[in-house]
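Structure file run19.cif with mmCIF, C-alpha atoms; chains and numbers go by the auth columns:
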data_start
#
loop_
_atom_site.group_PDB
_atom_site.id
_atom_site.type_symbol
_atom_site.label_atom_id
_atom_site.label_comp_id
_atom_site.label_asym_id
_atom_site.label_seq_id
_atom_site.Cartn_x
_atom_site.Cartn_y
_atom_site.Cartn_z
_atom_site.B_iso_or_equiv
_atom_site.auth_seq_id
_atom_site.auth_asym_id
ATOM 1 C CA MET A 1 -33.180 37.534 -6.349 0.00 155 J
ATOM 2 C CA ARG A 2 -33.111 34.163 -8.043 0.00 156 J
ATOM 3 C CA HIS A 3 -30.183 34.687 -10.400 0.00 157 J
ATOM 4 C CA LYS A 4 -28.796 31.376 -11.706 0.00 158 J
ATOM 5 C CA VAL A 5 -30.977 29.331 -9.341 0.00 159 J
ATOM 6 C CA LYS A 6 -31.800 26.211 -11.284 0.00 160 J
ATOM 7 C CA LYS A 7 -34.147 24.200 -9.050 0.00 161 J
ATOM 8 C CA LYS A 8 -37.905 24.602 -9.005 0.00 162 J
ATOM 9 C CA LYS A 9 -39.370 24.807 -5.518 0.00 163 J
ATOM 10 C CA PHE A 10 -42.938 23.767 -6.384 0.00 164 J
ATOM 11 C CA ASP A 11 -44.078 25.890 -3.407 0.00 165 J
ATOM 12 C CA ARG A 12 -42.955 23.138 -1.027 0.00 166 J
ATOM 13 C CA THR A 13 -40.424 22.740 1.757 0.00 167 J
ATOM 14 C CA LYS A 14 -37.231 20.799 1.155 0.00 168 J
ATOM 15 C CA GLU A 15 -38.651 17.676 2.811 0.00 169 J
ATOM 16 C CA GLN A 16 -41.836 17.827 0.754 0.00 170 J
ATOM 17 C CA ARG A 17 -39.833 18.259 -2.466 0.00 171 J
ATOM 18 C CA LEU A 18 -37.654 15.276 -1.589 0.00 172 J
ATOM 19 C CA ALA A 19 -40.768 13.195 -0.916 0.00 173 J
ATOM 20 C CA LEU A 20 -42.169 14.249 -4.307 0.00 174 J
ATOM 21 C CA TYR A 21 -38.947 13.281 -6.101 0.00 175 J
ATOM 22 C CA ARG A 22 -38.799 9.960 -4.246 0.00 176 J
ATOM 23 C CA SER A 23 -42.345 9.002 -5.141 0.00 177 J
ATOM 24 C CA LEU A 24 -41.960 10.029 -8.794 0.00 178 J
ATOM 25 C CA ALA A 25 -38.604 8.216 -9.056 0.00 179 J
ATOM 26 C CA ARG A 26 -40.082 5.100 -7.458 0.00 180 J
ATOM 27 C CA ALA A 27 -42.950 5.125 -9.939 0.00 181 J
ATOM 28 C CA LEU A 28 -40.599 5.671 -12.881 0.00 182 J
ATOM 29 C CA ILE A 29 -38.307 2.824 -11.839 0.00 183 J
ATOM 30 C CA LEU A 30 -41.168 0.390 -11.249 0.00 184 J
ATOM 31 C CA GLU A 31 -43.420 1.378 -14.175 0.00 185 J
ATOM 32 C CA GLU A 32 -40.603 2.556 -16.507 0.00 186 J
ATOM 33 C CA ARG A 33 -42.875 5.263 -17.909 0.00 187 J
ATOM 34 C CA ILE A 34 -45.049 7.809 -16.102 0.00 188 J
ATOM 35 C CA GLU A 35 -47.261 10.726 -17.022 0.00 189 J
ATOM 36 C CA THR A 36 -46.810 13.922 -15.031 0.00 190 J
ATOM 37 C CA THR A 37 -46.505 17.662 -15.573 0.00 191 J
ATOM 38 C CA VAL A 38 -43.655 19.025 -17.693 0.00 192 J
ATOM 39 C CA GLU A 39 -42.081 20.894 -14.772 0.00 193 J
ATOM 40 C CA ARG A 40 -42.112 17.853 -12.511 0.00 194 J
ATOM 41 C CA ALA A 41 -40.667 15.693 -15.289 0.00 195 J
ATOM 42 C CA LYS A 42 -37.810 18.151 -15.824 0.00 196 J
ATOM 43 C CA ALA A 43 -37.053 18.245 -12.093 0.00 197 J
ATOM 44 C CA LEU A 44 -37.281 14.451 -11.828 0.00 198 J
ATOM 45 C CA ARG A 45 -34.847 13.941 -14.696 0.00 199 J
ATOM 46 C CA SER A 46 -31.795 15.188 -12.772 0.00 200 J
ATOM 47 C CA PHE A 47 -32.775 13.244 -9.638 0.00 201 J
ATOM 48 C CA VAL A 48 -33.218 9.963 -11.512 0.00 202 J
ATOM 49 C CA GLU A 49 -30.136 10.323 -13.692 0.00 203 J
ATOM 50 C CA LYS A 50 -27.968 10.645 -10.593 0.00 204 J
ATOM 51 C CA LEU A 51 -29.519 7.416 -9.297 0.00 205 J
ATOM 52 C CA VAL A 52 -28.745 5.613 -12.559 0.00 206 J
ATOM 53 C CA THR A 53 -25.144 6.808 -12.346 0.00 207 J
ATOM 54 C CA LEU A 54 -24.960 5.294 -8.865 0.00 208 J
ATOM 55 C CA GLY A 55 -26.442 2.095 -10.268 0.00 209 J
ATOM 56 C CA LYS A 56 -23.813 1.953 -12.986 0.00 210 J
ATOM 57 C CA LYS A 57 -21.036 2.086 -10.380 0.00 211 J
ATOM 58 C CA GLY A 58 -22.639 -0.869 -8.643 0.00 212 J
ATOM 59 C CA ASP A 59 -20.485 -0.948 -5.508 0.00 213 J
ATOM 60 C CA LEU A 60 -21.736 -1.177 -1.945 0.00 214 J
ATOM 61 C CA ALA A 61 -21.250 2.518 -1.194 0.00 215 J
ATOM 62 C CA SER A 62 -23.342 3.449 -4.241 0.00 216 J
ATOM 63 C CA ARG A 63 -26.076 1.031 -3.209 0.00 217 J
ATOM 64 C CA ARG A 64 -26.165 2.536 0.284 0.00 218 J
ATOM 65 C CA ARG A 65 -26.292 6.063 -1.138 0.00 219 J
ATOM 66 C CA ALA A 66 -29.187 5.023 -3.379 0.00 220 J
ATOM 67 C CA LEU A 67 -30.967 3.538 -0.359 0.00 221 J
ATOM 68 C CA GLU A 68 -30.614 6.901 1.390 0.00 222 J
ATOM 69 C CA LEU A 69 -32.320 8.629 -1.524 0.00 223 J
ATOM 70 C CA LEU A 70 -34.880 5.861 -2.201 0.00 224 J
ATOM 71 C CA PRO A 71 -35.573 3.931 1.005 0.00 225 J
ATOM 72 C CA ASP A 72 -37.173 0.935 -0.711 0.00 226 J
ATOM 73 C CA ARG A 73 -34.994 -2.126 -1.236 0.00 227 J
ATOM 74 C CA HIS A 74 -37.083 -3.542 -4.083 0.00 228 J
ATOM 75 C CA VAL A 75 -36.823 -0.321 -6.063 0.00 229 J
ATOM 76 C CA VAL A 76 -33.059 -0.049 -5.526 0.00 230 J
ATOM 77 C CA LYS A 77 -32.625 -3.693 -6.487 0.00 231 J
ATOM 78 C CA LYS A 78 -34.498 -3.148 -9.751 0.00 232 J
ATOM 79 C CA LEU A 79 -32.483 0.024 -10.400 0.00 233 J
ATOM 80 C CA PHE A 80 -29.139 -1.731 -9.900 0.00 234 J
ATOM 81 C CA GLU A 81 -29.978 -5.060 -11.575 0.00 235 J
ATOM 82 C CA ASP A 82 -32.357 -4.141 -14.412 0.00 236 J
ATOM 83 C CA ILE A 83 -32.175 -0.469 -15.324 0.00 237 J
ATOM 84 C CA ALA A 84 -28.541 0.560 -14.762 0.00 238 J
ATOM 85 C CA PRO A 85 -27.013 -2.264 -16.866 0.00 239 J
ATOM 86 C CA ARG A 86 -29.000 -1.022 -19.892 0.00 240 J
ATOM 87 C CA PHE A 87 -26.987 2.194 -19.899 0.00 241 J
ATOM 88 C CA GLU A 88 -23.448 0.828 -19.497 0.00 242 J
ATOM 89 C CA GLY A 89 -22.231 2.377 -22.743 0.00 243 J
ATOM 90 C CA ARG A 90 -24.063 5.663 -22.259 0.00 244 J
ATOM 91 C CA ASN A 91 -22.689 8.765 -20.511 0.00 245 J
ATOM 92 C CA GLY A 92 -25.906 10.395 -19.364 0.00 246 J
ATOM 93 C CA GLY A 93 -29.203 11.186 -21.012 0.00 247 J
ATOM 94 C CA TYR A 94 -30.995 8.149 -19.637 0.00 248 J
ATOM 95 C CA THR A 95 -34.499 9.622 -19.763 0.00 249 J
ATOM 96 C CA ARG A 96 -36.729 11.099 -22.441 0.00 250 J
ATOM 97 C CA ILE A 97 -39.457 13.681 -21.876 0.00 251 J
ATOM 98 C CA VAL A 98 -42.263 13.765 -24.446 0.00 252 J
ATOM 99 C CA LYS A 99 -44.759 16.601 -24.154 0.00 253 J
ATOM 100 C CA LEU A 100 -48.392 15.640 -24.628 0.00 254 J
ATOM 101 C CA PRO A 101 -50.667 17.751 -26.848 0.00 255 J
ATOM 102 C CA ASN A 102 -53.525 18.062 -24.364 0.00 256 J
ATOM 103 C CA ARG A 103 -53.511 19.783 -20.997 0.00 257 J
ATOM 104 C CA ARG A 104 -54.777 18.548 -17.647 0.00 258 J
ATOM 105 C CA LYS A 105 -58.488 19.101 -17.299 0.00 259 J
ATOM 106 C CA GLY A 106 -58.548 20.541 -13.790 0.00 260 J
ATOM 107 C CA ASP A 107 -55.926 23.264 -13.902 0.00 261 J
ATOM 108 C CA GLY A 108 -54.679 23.311 -17.490 0.00 262 J
ATOM 109 C CA ALA A 109 -51.148 22.168 -16.636 0.00 263 J
ATOM 110 C CA GLU A 110 -48.964 20.943 -19.486 0.00 264 J
ATOM 111 C CA LEU A 111 -48.547 17.169 -19.345 0.00 265 J
ATOM 112 C CA ALA A 112 -45.586 15.051 -20.366 0.00 266 J
ATOM 113 C CA ILE A 113 -44.439 11.467 -20.354 0.00 267 J
ATOM 114 C CA ILE A 114 -41.049 10.675 -18.864 0.00 268 J
ATOM 115 C CA GLU A 115 -39.539 7.320 -19.805 0.00 269 J
ATOM 116 C CA TRP A 116 -36.227 5.516 -20.104 0.00 270 J
ATOM 117 C CA VAL A 117 -34.327 5.781 -23.354 0.00 271 J
ATOM 118 C CA GLU A 118 -34.018 2.293 -24.826 0.00 272 J
#

Exercise: express the given structure as structure tokens:
Amino acid sequence: MRHKVKKKKFDRTKEQRLALYRSLARALILEERIETTVERAKALRSFVEKLVTLGKKGDLASRRRALELLPDRHVVKKLFEDIAPRFEGRNGGYTRIVKLPNRRKGDGAELAIIEWVE
């Protein structure tokens, strides 16, 4: 039974899910706006918001923790120096998910745009 289980599994193993979150988070941090499915955007939101909270702390331990989750120094540097300072006065809710009216052509999945709240 899946009572009160919040995470989506996406029919993947834990390692595959982590790789999916890492690649989507990397794209969101670098591009600042990505188009993906609604379910992936909702799952990505919690992953990325935890990273921004680490970026707001800004200490060495937080930077190392972020490097564990996103093993790309350029991405972590942009997160800590560009994105996290934007949200200093904000206590969460760093991303916005906007559903798109059309569906994906191949499988009919609902699409959405996930972006940073300015």

Checklist entry - Given the file above and the PyMOL selection byres ((chain J and resi 246) around 12), which residues are selected, and can you give them as an MDAnalysis selection string? => result chainID J and resid 199:200 202:208 210 238 240:245 247:250 270:271

Next on the checklist: Just the number, please: distance in Å from atom CA of J:Asp236 to atom CA of J:Glu189, one decimal.
Outcome noted: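 About the pair atom CA of J:Asp236 and atom CA of J:Glu189: they are 21.2 Å apart.
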
Checklist entry - Quick one, how far is atom CA of J:Ile268 from atom CA of J:Glu193? => result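 Going from atom CA of J:Ile268 over to atom CA of J:Glu193, I get 11.1 Å.
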
Next on the checklist: Could you list, as number ranges by chain, every residue within 10 Å of J:Arg194, counting all atoms listed in the file and ignoring same-chain residues fewer than 4 positions away?
Outcome noted: J: 162, 164, 174-175, 178, 189-190, 198-199, 265-266, 268

Next on the checklist: I'd like to know which of J:Glu269, J:Glu235, J:Glu264, J:Glu185 is closest to J:Gly212, using all atoms listed in the file.
Outcome noted: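 Closest residue, counting all atoms listed in the file: J:Glu235.
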
Item to check | J:Ile267 surroundings by all atoms listed in the file, 6 Å radius, close-in-sequence under 5 positions cut, as a list in words | outcome: Ile188, Glu189, Ile251 and Val252 of chain J

Checklist entry - To one decimal place, how far is atom CA of J:Lys163 from atom CA of J:Lys196 in Å? => result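 Calculated distance between atom CA of J:Lys163 and atom CA of J:Lys196 is 12.4 Å.
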
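Each of J:Ala220, J:Lys253, J:Phe234, J:Lys259 was compared to J:Ala195 using all atoms listed in the file, and J:Lys253 turns out to be the nearest.
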
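Across J:Lys211, J:Ala197, J:Glu186, J:Pro255, the tightest approach to J:Lys160 is made by J:Ala197 when counting all atoms listed in the file.
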
Next on the checklist: Which residues, named as in the file, does the PyMOL selection byres ((chain J and resi 217) around 10) pick out? Answer as a list of chain:residue names.
Outcome noted: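 In the shown coordinates, the PyMOL selection byres ((chain J and resi 217) around 10) covers J:Leu205, J:Leu208, J:Gly209, J:Lys211, J:Gly212, J:Asp213, J:Leu214, J:Ala215, J:Ser216, J:Arg218, J:Arg219, J:Ala220, J:Leu221, J:Glu222, J:Leu223, J:Arg227, J:Val230, J:Lys231, J:Leu233, J:Phe234.
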
Checklist outcome for this item: If you count all atoms listed in the file, the residue of J:Pro225, J:Arg180, J:Phe201, J:Glu272 closest to J:Pro239 turns out to be J:Glu272

Item to check | Nearest to J:Ala179 by atom-to-atom distance, counting only C-alpha atoms, from J:Thr191, J:Leu224, J:Asp165, J:Lys158 | outcome: J:Leu224
